[in-house]
>>> print(open('model-v9.txt').read())   # compact mmCIF, C-alpha atoms and all ligand atoms
# COMPACT_ATOMS: atom_id res chain seq x y z
CA MET A 128 24.72 -24.02 31.50
CA ILE A 129 24.52 -22.40 28.06
CA SER A 130 20.92 -22.20 26.78
CA THR A 131 20.23 -24.12 23.58
CA ALA A 132 16.88 -22.44 22.91
CA ASN A 133 16.39 -21.91 19.19
CA SER A 134 17.78 -18.58 17.98
CA GLU A 135 16.44 -18.93 14.42
CA ARG A 136 14.06 -15.97 14.39
CA ILE A 137 16.69 -13.72 15.96
CA GLN A 138 19.22 -14.79 13.30
CA ASP A 139 16.57 -14.20 10.62
CA ALA A 140 16.03 -10.67 11.89
CA ILE A 141 19.79 -9.96 12.07
CA TYR A 142 20.34 -10.93 8.44
CA GLY A 143 16.91 -10.02 7.03
CA PHE A 144 18.39 -6.83 5.55
CA THR A 145 20.48 -8.85 3.07
CA ARG A 146 17.42 -9.86 1.05
CA SER A 147 16.12 -6.29 1.02
CA ARG A 148 19.45 -4.82 -0.10
CA LEU A 149 19.96 -7.41 -2.85
CA LEU A 150 16.49 -6.72 -4.22
CA PHE A 151 16.76 -2.90 -4.04
CA THR A 152 20.12 -2.96 -5.83
CA ALA A 153 18.92 -5.33 -8.56
CA VAL A 154 15.94 -3.05 -9.27
CA ASP A 155 18.18 0.05 -9.14
CA LEU A 156 20.42 -1.53 -11.78
CA ARG A 157 17.40 -2.63 -13.88
CA LEU A 158 19.01 -6.07 -13.69
CA PHE A 159 15.78 -8.07 -14.09
CA THR A 160 14.73 -5.94 -17.06
CA HIS A 161 18.12 -6.46 -18.77
CA ILE A 162 17.87 -10.22 -18.28
CA TYR A 163 14.30 -10.24 -19.59
CA GLU A 164 15.49 -8.34 -22.67
CA GLY A 165 18.10 -11.01 -23.38
CA LYS A 166 21.26 -9.79 -21.64
CA ASN A 167 21.43 -12.91 -19.53
CA THR A 168 25.12 -13.81 -19.07
CA ILE A 169 27.88 -12.21 -16.99
CA GLU A 170 29.74 -11.39 -20.24
CA GLN A 171 26.78 -9.41 -21.59
CA LEU A 172 25.82 -7.77 -18.30
CA THR A 173 29.31 -6.61 -17.25
CA PRO A 174 29.64 -3.79 -19.84
CA THR A 175 25.90 -2.97 -19.72
CA LEU A 176 26.08 -2.32 -15.97
CA ASP A 177 29.61 -0.94 -16.08
CA ALA A 178 30.46 -3.55 -13.42
CA ASN A 179 33.45 -5.39 -12.07
CA PRO A 180 33.00 -8.99 -13.35
CA ARG A 181 33.90 -10.69 -10.06
CA ALA A 182 31.64 -8.41 -8.06
CA LEU A 183 28.77 -8.82 -10.50
CA ARG A 184 29.09 -12.61 -10.46
CA MET A 185 29.05 -12.67 -6.65
CA PHE A 186 26.11 -10.23 -6.48
CA MET A 187 24.14 -12.41 -8.88
CA ASP A 188 25.07 -15.52 -6.90
CA GLY A 189 23.54 -13.76 -3.89
CA LEU A 190 20.34 -13.17 -5.85
CA ILE A 191 20.27 -16.88 -6.70
CA GLY A 192 20.73 -17.59 -2.99
CA THR A 193 17.62 -15.54 -2.21
CA GLY A 194 15.62 -17.12 -5.05
CA PHE A 195 15.20 -13.84 -6.97
CA LEU A 196 17.28 -15.25 -9.87
CA GLU A 197 17.83 -18.68 -11.39
CA LYS A 198 20.72 -19.95 -13.55
CA GLU A 199 21.36 -22.84 -15.88
CA LYS A 200 24.67 -23.42 -17.72
CA GLY A 201 25.78 -19.83 -17.13
CA VAL A 202 22.52 -18.30 -18.40
CA TYR A 203 20.41 -16.35 -15.90
CA THR A 204 16.60 -16.61 -15.93
CA LEU A 205 13.81 -14.98 -13.94
CA PRO A 206 11.38 -16.75 -11.61
CA LYS A 207 7.73 -16.11 -12.60
CA ASP A 208 6.99 -13.58 -9.85
CA VAL A 209 10.13 -11.56 -10.60
CA GLU A 210 9.23 -11.46 -14.32
CA ASN A 211 5.68 -10.40 -13.49
CA TYR A 212 6.43 -7.69 -10.91
CA LEU A 213 10.00 -6.48 -11.45
CA VAL A 214 10.47 -6.20 -15.22
CA GLN A 215 9.82 -2.60 -16.24
CA SER A 216 7.66 -3.37 -19.27
CA SER A 217 5.26 -5.58 -17.25
CA ALA A 218 1.78 -4.17 -16.59
CA ASN A 219 2.24 -5.37 -13.01
CA TYR A 220 5.62 -3.68 -12.45
CA ILE A 221 6.04 -2.58 -8.81
CA GLY A 222 9.41 -0.86 -9.08
CA GLY A 223 7.87 2.25 -7.45
CA MET A 224 7.06 0.17 -4.41
CA VAL A 225 10.62 -1.17 -4.29
CA LYS A 226 11.94 2.40 -4.35
CA HIS A 227 9.49 3.26 -1.58
CA GLY A 228 10.84 0.28 0.40
CA LYS A 229 14.39 1.53 -0.08
CA ARG A 230 13.46 4.99 1.21
CA LEU A 231 11.83 3.37 4.23
CA TYR A 232 14.90 1.22 4.76
CA ASP A 233 17.09 4.31 4.87
CA ASN A 234 14.69 6.05 7.25
CA TRP A 235 14.44 3.00 9.51
CA GLY A 236 18.22 3.37 9.95
CA LEU A 237 17.37 6.54 11.92
CA LEU A 238 14.99 4.78 14.33
CA ARG A 239 17.22 5.45 17.35
CA ASP A 240 17.05 9.23 16.66
CA VAL A 241 13.30 9.06 16.04
CA ILE A 242 12.76 7.41 19.42
CA ARG A 243 14.74 10.17 21.09
CA SER A 244 13.18 13.11 19.27
CA GLY A 245 9.66 11.83 18.58
CA MET A 246 10.02 13.41 15.13
CA PRO A 247 9.86 11.50 11.84
CA ALA A 248 13.15 10.58 10.21
CA GLY A 249 14.48 13.65 8.40
CA GLY A 250 12.37 15.95 10.62
CA ALA A 251 8.92 17.37 9.98
CA GLN A 252 9.78 17.98 6.32
CA ALA A 253 10.42 14.28 5.74
CA LEU A 254 7.88 14.12 2.92
CA THR A 255 8.21 17.36 1.01
CA HIS A 256 7.38 15.84 -2.37
CA ILE A 257 4.30 14.12 -1.05
CA GLU A 258 2.24 14.08 -4.25
CA GLU A 259 5.14 12.69 -6.26
CA HIS A 260 5.77 10.10 -3.57
CA PHE A 261 2.14 8.90 -3.52
CA SER A 262 1.86 8.96 -7.34
CA GLU A 263 4.54 6.24 -7.43
CA LEU A 264 3.46 4.32 -4.33
CA VAL A 265 -0.18 3.87 -5.37
CA LYS A 266 0.90 2.01 -8.53
CA GLY A 267 2.40 -0.73 -6.36
CA LEU A 268 -0.63 -0.61 -4.07
CA TYR A 269 -2.90 -1.19 -7.07
CA VAL A 270 -1.19 -4.54 -7.64
CA SER A 271 -0.94 -5.55 -3.99
CA ASN A 272 -4.51 -4.47 -3.11
CA PHE A 273 -6.39 -5.82 -6.14
CA LYS A 274 -7.23 -9.21 -4.62
CA THR A 275 -8.01 -7.70 -1.22
CA ALA A 276 -10.36 -5.23 -2.92
CA GLN A 277 -12.33 -8.20 -4.25
CA GLU A 278 -12.59 -9.57 -0.74
CA LEU A 279 -13.85 -6.19 0.46
CA ALA A 280 -16.47 -6.08 -2.31
CA THR A 281 -17.66 -9.52 -1.18
CA ALA A 282 -17.71 -8.46 2.48
CA LEU A 283 -19.90 -5.49 1.47
CA ALA A 284 -22.09 -7.68 -0.79
CA ILE A 285 -21.51 -5.33 -3.73
CA GLY A 286 -23.60 -6.33 -6.74
CA ASP A 287 -26.08 -8.30 -4.58
CA GLU A 288 -29.69 -7.23 -4.98
CA GLN A 289 -29.69 -4.76 -2.07
CA ASN A 290 -26.34 -3.23 -3.02
CA THR A 291 -26.58 -2.05 -6.61
CA GLU A 292 -26.71 1.44 -8.14
CA LEU A 293 -24.50 2.73 -5.36
CA ASN A 294 -22.93 6.14 -5.27
CA ILE A 295 -19.47 5.36 -3.87
CA LEU A 296 -16.91 7.78 -2.39
CA ASP A 297 -13.32 6.51 -2.61
CA VAL A 298 -11.53 8.71 -0.06
CA ALA A 299 -7.76 9.02 -0.63
CA GLY A 300 -8.45 6.59 -3.44
CA GLY A 301 -4.88 6.40 -4.81
CA SER A 302 -5.14 4.20 -7.92
CA ALA A 303 -8.91 3.84 -7.17
CA VAL A 304 -8.39 0.08 -6.93
CA TRP A 305 -11.06 -0.43 -4.27
CA SER A 306 -13.85 1.32 -6.16
CA ILE A 307 -12.73 -0.04 -9.58
CA VAL A 308 -13.35 -3.58 -8.31
CA MET A 309 -16.77 -2.55 -6.97
CA LEU A 310 -17.86 -0.84 -10.18
CA GLU A 311 -16.84 -3.95 -12.11
CA LYS A 312 -19.07 -6.04 -9.79
CA ASP A 313 -22.04 -3.74 -10.26
CA PRO A 314 -22.46 -2.09 -13.67
CA LYS A 315 -24.97 0.40 -12.22
CA SER A 316 -22.81 1.91 -9.49
CA GLN A 317 -20.74 5.07 -9.88
CA ALA A 318 -17.84 6.50 -7.88
CA THR A 319 -16.02 9.67 -6.88
CA VAL A 320 -12.33 9.73 -5.99
CA ILE A 321 -10.84 12.22 -3.53
CA ASP A 322 -7.05 12.61 -3.61
CA TYR A 323 -4.27 15.05 -4.43
CA PRO A 324 -4.51 16.34 -8.03
CA ARG A 325 -1.39 14.51 -9.24
CA VAL A 326 -2.52 11.22 -7.75
CA ILE A 327 -5.94 11.63 -9.38
CA GLU A 328 -4.16 11.71 -12.75
CA VAL A 329 -2.73 8.27 -11.89
CA ALA A 330 -6.18 7.02 -10.84
CA LYS A 331 -7.60 8.16 -14.19
CA GLU A 332 -5.14 5.91 -16.04
CA TYR A 333 -6.27 2.82 -14.11
CA ILE A 334 -9.93 3.78 -14.41
CA GLN A 335 -9.53 4.20 -18.17
CA SER A 336 -7.72 0.88 -18.52
CA HIS A 337 -10.78 -0.78 -16.93
CA GLY A 338 -13.12 1.11 -19.29
CA LEU A 339 -14.85 2.90 -16.40
CA SER A 340 -14.09 6.56 -17.17
CA ASP A 341 -17.73 7.59 -17.72
CA ARG A 342 -18.74 6.31 -14.27
CA TYR A 343 -16.22 8.34 -12.25
CA SER A 344 -16.07 11.87 -10.83
CA TYR A 345 -13.16 13.48 -9.00
CA ILE A 346 -12.62 15.82 -6.09
CA PRO A 347 -8.96 16.90 -6.23
CA GLY A 348 -7.48 18.49 -3.11
CA ASP A 349 -6.28 18.08 0.43
CA LEU A 350 -8.86 16.00 2.29
CA GLU A 351 -7.92 17.60 5.60
CA VAL A 352 -9.26 20.96 4.41
CA LEU A 353 -11.66 20.38 1.51
CA LYS A 354 -15.44 20.51 1.96
CA PHE A 355 -17.18 17.17 1.54
CA PRO A 356 -20.51 17.03 -0.34
CA GLU A 357 -23.39 16.38 2.13
CA SER A 358 -25.71 13.30 2.18
CA GLN A 359 -24.60 12.08 -1.26
CA TYR A 360 -23.09 8.65 -0.92
CA ASP A 361 -24.28 5.09 -0.21
CA LEU A 362 -20.78 3.89 0.60
CA ALA A 363 -17.48 5.56 1.50
CA ILE A 364 -14.17 3.68 1.42
CA LEU A 365 -11.29 4.89 3.62
CA ALA A 366 -8.47 2.53 2.69
CA ASN A 367 -4.98 3.01 4.10
CA ILE A 368 -5.43 6.65 4.98
CA CYS A 369 -6.18 6.95 8.73
CA HIS A 370 -2.81 5.44 9.69
CA ALA A 371 -1.01 8.25 7.82
CA ILE A 372 -2.89 11.28 9.12
CA GLY A 373 -3.05 10.60 12.85
CA PRO A 374 -5.81 10.38 15.46
CA GLU A 375 -7.21 13.95 15.38
CA ALA A 376 -7.34 14.12 11.58
CA SER A 377 -8.80 10.59 11.40
CA GLU A 378 -11.57 11.49 13.83
CA LYS A 379 -12.36 14.62 11.80
CA LEU A 380 -12.19 12.74 8.49
CA ILE A 381 -14.61 10.08 9.74
CA ALA A 382 -16.98 12.83 10.92
CA ASP A 383 -16.76 14.62 7.53
CA VAL A 384 -17.30 11.39 5.64
CA ALA A 385 -20.23 10.42 7.88
CA LYS A 386 -21.99 13.66 6.91
CA SER A 387 -21.36 12.95 3.24
CA LEU A 388 -23.28 9.65 3.52
CA LYS A 389 -27.01 9.30 2.91
CA PRO A 390 -28.90 8.08 6.01
CA GLY A 391 -28.26 4.30 6.09
CA GLY A 392 -25.10 4.74 3.99
CA ARG A 393 -22.02 2.76 4.99
CA ILE A 394 -18.39 3.57 5.66
CA ALA A 395 -15.68 0.91 5.22
CA ILE A 396 -12.34 1.53 6.89
CA VAL A 397 -9.58 -0.66 5.44
CA ASP A 398 -6.39 -0.58 7.44
CA PHE A 399 -3.93 -2.42 9.67
CA VAL A 400 -5.85 -2.70 12.94
CA PRO A 401 -4.02 -4.07 15.99
CA ASP A 402 -5.88 -5.81 18.83
CA ASP A 403 -7.32 -3.47 21.46
CA GLY A 404 -4.58 -4.32 23.98
CA ARG A 405 -1.81 -3.80 21.39
CA SER A 406 -0.33 -7.08 22.61
CA ARG A 407 -0.60 -9.42 19.60
CA GLN A 408 2.34 -10.30 17.36
CA GLY A 409 1.93 -9.40 13.71
CA TRP A 410 2.28 -6.82 10.98
CA PRO A 411 -0.14 -4.10 12.26
CA LEU A 412 2.09 -3.15 15.22
CA ILE A 413 5.24 -3.27 13.06
CA PHE A 414 3.53 -1.06 10.50
CA GLY A 415 2.83 1.41 13.33
CA VAL A 416 6.60 1.93 13.67
CA ASN A 417 6.67 2.70 9.96
CA MET A 418 4.20 5.52 10.61
CA LEU A 419 6.28 6.76 13.57
CA ILE A 420 9.30 7.00 11.27
CA SER A 421 7.51 8.40 8.22
CA THR A 422 4.87 10.83 9.50
CA ASP A 423 4.24 13.55 12.09
CA SER A 424 1.29 11.92 13.83
CA GLY A 425 0.47 8.66 12.02
CA ASP A 426 -0.16 5.44 13.97
CA VAL A 427 -2.21 2.27 13.75
CA PHE A 428 -5.56 2.45 15.53
CA THR A 429 -7.49 -0.24 17.36
CA GLN A 430 -11.07 -1.27 16.76
CA ALA A 431 -11.97 0.39 20.08
CA GLN A 432 -10.54 3.71 18.85
CA TYR A 433 -12.41 3.52 15.53
CA LYS A 434 -15.63 2.63 17.38
CA THR A 435 -15.31 5.79 19.49
CA TRP A 436 -14.87 7.91 16.34
CA PHE A 437 -17.83 6.18 14.64
CA GLU A 438 -20.07 6.89 17.61
CA LYS A 439 -19.09 10.56 17.76
CA ALA A 440 -19.75 10.85 14.02
CA GLY A 441 -23.30 9.42 14.29
CA LEU A 442 -22.35 6.03 12.83
CA THR A 443 -23.30 2.60 14.15
CA PHE A 444 -20.58 -0.04 14.05
CA LYS A 445 -21.77 -3.06 12.05
CA ASP A 446 -18.97 -5.50 11.37
CA ALA A 447 -15.23 -6.21 11.41
CA LYS A 448 -13.59 -8.66 9.01
CA GLU A 449 -9.98 -9.67 8.52
CA LEU A 450 -9.14 -9.49 4.81
CA GLU A 451 -5.87 -10.68 3.23
CA SER A 452 -2.40 -9.88 4.57
CA GLU A 453 -3.54 -8.81 8.03
CA VAL A 454 -5.69 -6.01 6.61
CA THR A 455 -8.96 -5.45 8.46
CA THR A 456 -12.16 -3.79 7.33
CA LEU A 457 -14.42 -2.07 9.85
CA ILE A 458 -17.90 -1.32 8.58
CA ALA A 459 -20.28 1.22 10.11
CA GLN A 460 -23.57 2.76 9.03
CA ARG A 461 -24.96 6.29 9.23
CA ASN A 462 -27.89 6.49 11.63
C1 LIG B 501 -1.31 4.67 1.25
S1 LIG B 501 -2.13 5.47 -0.06
C2 LIG B 501 -3.62 4.53 -0.18
C3 LIG B 501 -4.28 4.63 -1.53
C4 LIG B 501 -5.51 3.73 -1.71
N1 LIG B 501 -6.58 4.08 -0.80
C5 LIG B 501 -5.12 2.29 -1.53
O1 LIG B 501 -5.43 1.71 -0.47
O2 LIG B 501 -4.49 1.74 -2.44
C6 LIG B 501 -2.69 6.95 0.70
C7 LIG B 501 -3.42 7.85 -0.26
O3 LIG B 501 -3.90 8.98 0.47
C8 LIG B 501 -3.66 10.13 -0.28
N2 LIG B 501 -3.55 11.23 0.68
C9 LIG B 501 -2.77 11.28 1.79
N3 LIG B 501 -2.95 12.43 2.45
C10 LIG B 501 -3.87 13.14 1.73
C11 LIG B 501 -4.47 14.42 1.89
N4 LIG B 501 -4.16 15.19 2.92
N5 LIG B 501 -5.36 14.81 0.95
C12 LIG B 501 -5.67 14.03 -0.10
N6 LIG B 501 -5.14 12.80 -0.30
C13 LIG B 501 -4.26 12.37 0.60
C14 LIG B 501 -2.36 9.84 -1.04
O4 LIG B 501 -2.17 10.67 -2.14
C15 LIG B 501 -2.56 8.38 -1.39
O5 LIG B 501 -3.21 8.23 -2.62
>>> encode(input="model-v9.txt", output="structure tokens")
Amino acid sequence: MISTANSERIQDAIYGFTRSRLLFTAVDLRLFTHIYEGKNTIEQLTPTLDANPRALRMFMDGLIGTGFLEKEKGVYTLPKDVENYLVQSSANYIGGMVKHGKRLYDNWGLLRDVIRSGMPAGGAQALTHIEEHFSELVKGLYVSNFKTAQELATALAIGDEQNTELNILDVAGGSAVWSIVMLEKDPKSQATVIDYPRVIEVAKEYIQSHGLSDRYSYIPGDLEVLKFPESQYDLAILANICHAIGPEASEKLIADVAKSLKPGGRIAIVDFVPDDGRSRQGWPLIFGVNMLISTDSGDVFTQAQYKTWFEKAGLTFKDAKELESEVTTLIAQRN
């Protein structure tokens, strides 16, 4: 007898790429920006995009099907989220993240080869323009991490009586979103960002837009080789970095950061953390494949793995909390 078990999630996975491709192409064509600027009919968009009218109409119908566009009496309009995040002039524009997604999409097409070779897609040189790549990516991460950063600040009780006037180290800070939120919660705290020089220039723009420039210092360089200041910080944030650098470098980074803390100072890992048995459905284990495809030795690490590294670094594990979007924070304290 033929099984009638529901095949919905399998069908979803088979055709999931259609939504991604429609979105990537619309952003590539600056379609949402054109519509926002008033070119909102097929007649106006056809010459602007140098398109075939039938093809353009069908492509835009597809975008309506996905909900990324709306239409009334032949005039196209943008849903609120598309206007907020995908129009180039918006302060919340995440086009860089869409481009990043498209690169990943192309690399994920090589997954079969990656499984055979154990090498990232495109070989060891997959990310030759790494600073440029991160300079774009962190702008999208600023938007997607802002709310989660507030949750982290709450989990760490930043601004509460016992947690003011902190000296904070934002390791691989990117846009500095995590420390920006903390400095806004406590007007007496200050922060230092470590990242590649080009990415630090991006961080400075966000820091300035929050009016926090005079409370920040910077350590530009490669965190795998630079020397960390000793016994300086009350709190170090390691957000979304361990998964990219692999187990050996993560263990060393945690040890370096531990030494840079004052006694009693805390470290907060923020990352995708799968369950210890690596047997639970969810984004952390899928994200691990992304690291397999994109990096030499990246992976997602379990709480048990982090605890081992904490212990070796002279840190005592204090707490684990699930923040938004399956992101976990692990908090430990220098002995
Ligand atoms: C995924 S982003 C995370 C940024 C930020 N922590 C956040 O969560 O939004 C990784 C960051 O690590 C930085 N990074 C990666 N490898 C690095 C290295 N070897 N030295 C310095 N920075 C590095 C990148 O430039 C980027 O800003």
>>> closest_residue(input="model-v9.txt", among="A:Leu238, A:Leu149, A:Leu231, A:Ile372", to="A:His260", atoms="only C-alpha atoms")
A:Leu231
>>> closest_atom_pairs(input="model-v9.txt", of="chain A", to="ligand LIG 501 (chain B)", cutoff="10 Å", atoms="only C-alpha atoms and all ligand atoms", output="CSV")
residue,atom,partner,partner_atom,distance
A:Ile257,CA,B:LIG501,O4,7.4
A:Glu258,CA,B:LIG501,O4,6.0
A:Glu259,CA,B:LIG501,O4,8.6
A:His260,CA,B:LIG501,O4,8.1
A:Phe261,CA,B:LIG501,O4,4.9
A:Ser262,CA,B:LIG501,O4,6.8
A:Glu263,CA,B:LIG501,O5,9.3
A:Leu264,CA,B:LIG501,S1,7.1
A:Val265,CA,B:LIG501,O2,5.6
A:Lys266,CA,B:LIG501,O2,8.1
A:Gly267,CA,B:LIG501,O2,8.3
A:Leu268,CA,B:LIG501,O2,4.8
A:Tyr269,CA,B:LIG501,O2,5.7
A:Val270,CA,B:LIG501,O2,8.8
A:Ser271,CA,B:LIG501,O2,8.3
A:Asn272,CA,B:LIG501,O2,6.2
A:Phe273,CA,B:LIG501,O2,8.6
A:Thr275,CA,B:LIG501,O1,9.8
A:Ala276,CA,B:LIG501,O1,8.9
A:Asp297,CA,B:LIG501,N1,7.4
A:Val298,CA,B:LIG501,N1,6.8
A:Ala299,CA,B:LIG501,O3,4.0
A:Gly300,CA,B:LIG501,N1,4.1
A:Gly301,CA,B:LIG501,O5,3.3
A:Ser302,CA,B:LIG501,O2,6.0
A:Ala303,CA,B:LIG501,C4,6.4
A:Val304,CA,B:LIG501,O2,6.2
A:Trp305,CA,B:LIG501,C5,7.1
A:Ser306,CA,B:LIG501,N1,9.4
A:Val320,CA,B:LIG501,N1,9.6
A:Ile321,CA,B:LIG501,C12,6.5
A:Asp322,CA,B:LIG501,N6,3.8
A:Tyr323,CA,B:LIG501,C12,4.7
A:Pro324,CA,B:LIG501,C12,8.3
A:Arg325,CA,B:LIG501,O4,8.1
A:Val326,CA,B:LIG501,O4,5.6
A:Ile327,CA,B:LIG501,O5,8.0
A:Val329,CA,B:LIG501,O5,9.3
A:Ala330,CA,B:LIG501,O5,8.8
A:Ile346,CA,B:LIG501,C12,9.3
A:Pro347,CA,B:LIG501,C12,7.5
A:Gly348,CA,B:LIG501,C12,5.7
A:Asp349,CA,B:LIG501,N5,3.4
A:Leu350,CA,B:LIG501,N5,3.9
A:Glu351,CA,B:LIG501,N4,5.2
A:Val352,CA,B:LIG501,N4,7.8
A:Leu353,CA,B:LIG501,N5,8.4
A:Ile364,CA,B:LIG501,N1,7.9
A:Leu365,CA,B:LIG501,N1,6.5
A:Ala366,CA,B:LIG501,N1,4.3
A:Asn367,CA,B:LIG501,C2,4.7
A:Ile368,CA,B:LIG501,C6,5.1
A:Cys369,CA,B:LIG501,C6,8.8
A:His370,CA,B:LIG501,C1,8.6
A:Ala371,CA,B:LIG501,C9,7.0
A:Ile372,CA,B:LIG501,N3,6.8
A:Ala376,CA,B:LIG501,N4,9.3
A:Ile396,CA,B:LIG501,N1,9.9
A:Val397,CA,B:LIG501,O1,7.6
A:Asp398,CA,B:LIG501,O1,8.3
>>> atom_distance(input="model-v9.txt", atom1="atom CA of A:Phe159", atom2="atom CA of A:Glu197")
11.1 Å
>>> residues_around(input="model-v9.txt", residues="stretch 400-415 of chain A", least_positions_apart="2", cutoff="12 Å", atoms="all atoms listed in the file", output="compact mmCIF listing (two decimals) with C-alpha atoms, keeping the file's coordinate frame")
# COMPACT_ATOMS: atom_id res chain seq x y z
CA LEU A 231 11.83 3.37 4.23
CA TRP A 235 14.44 3.00 9.51
CA ALA A 366 -8.47 2.53 2.69
CA ASN A 367 -4.98 3.01 4.10
CA CYS A 369 -6.18 6.95 8.73
CA HIS A 370 -2.81 5.44 9.69
CA ALA A 371 -1.01 8.25 7.82
CA GLY A 373 -3.05 10.60 12.85
CA ILE A 396 -12.34 1.53 6.89
CA VAL A 397 -9.58 -0.66 5.44
CA ASP A 398 -6.39 -0.58 7.44
CA ASN A 417 6.67 2.70 9.96
CA MET A 418 4.20 5.52 10.61
CA LEU A 419 6.28 6.76 13.57
CA ILE A 420 9.30 7.00 11.27
CA SER A 421 7.51 8.40 8.22
CA THR A 422 4.87 10.83 9.50
CA SER A 424 1.29 11.92 13.83
CA GLY A 425 0.47 8.66 12.02
CA ASP A 426 -0.16 5.44 13.97
CA VAL A 427 -2.21 2.27 13.75
CA PHE A 428 -5.56 2.45 15.53
CA THR A 429 -7.49 -0.24 17.36
CA GLN A 430 -11.07 -1.27 16.76
CA ALA A 431 -11.97 0.39 20.08
CA GLN A 432 -10.54 3.71 18.85
CA TYR A 433 -12.41 3.52 15.53
CA LYS A 434 -15.63 2.63 17.38
CA ALA A 447 -15.23 -6.21 11.41
CA LYS A 448 -13.59 -8.66 9.01
CA GLU A 449 -9.98 -9.67 8.52
CA LEU A 450 -9.14 -9.49 4.81
CA GLU A 451 -5.87 -10.68 3.23
CA SER A 452 -2.40 -9.88 4.57
CA GLU A 453 -3.54 -8.81 8.03
CA VAL A 454 -5.69 -6.01 6.61
CA THR A 455 -8.96 -5.45 8.46
CA THR A 456 -12.16 -3.79 7.33
CA LEU A 457 -14.42 -2.07 9.85
>>> atom_distance(input="model-v9.txt", atom1="atom CA of A:Gly228", atom2="atom CA of A:Phe144")
11.6 Å
>>> residues_around(input="model-v9.txt", residues="A:Glu210", least_positions_apart="4", cutoff="9 Å", atoms="only C-alpha atoms", output="number ranges by chain")
A: 159-160, 163, 205-206, 214, 217, 220
>>> closest_residue(input="model-v9.txt", among="A:Ile285, A:Val225, A:Thr173, A:Ala132", to="A:Thr152", atoms="all atoms listed in the file")
A:Val225
>>> residues_around(input="model-v9.txt", residues="A:Glu438", least_positions_apart="2", cutoff="12 Å", atoms="all atoms listed in the file", output="list in words")
Glu378, Ile381, Ala382, Ala385, Ala431, Gln432, Tyr433, Lys434, Thr435, Trp436, Ala440, Gly441, Leu442, Thr443, Phe444, Lys445, Ala459, Gln460, Arg461 and Asn462 of chain A
>>> atom_distance(input="model-v9.txt", atom1="atom CA of A:Gln215", atom2="atom CA of A:Asp155")
11.3 Å
>>> closest_residue(input="model-v9.txt", among="A:Ile458, A:Ile141, A:Met246, A:Val308", to="A:Ala280", atoms="only C-alpha atoms")
A:Val308
>>> residues_around(input="model-v9.txt", residues="A:Leu293", least_positions_apart="4", cutoff="7 Å", atoms="all atoms listed in the file", output="JSON, numbers by chain")
{"A": [316, 317, 361]}
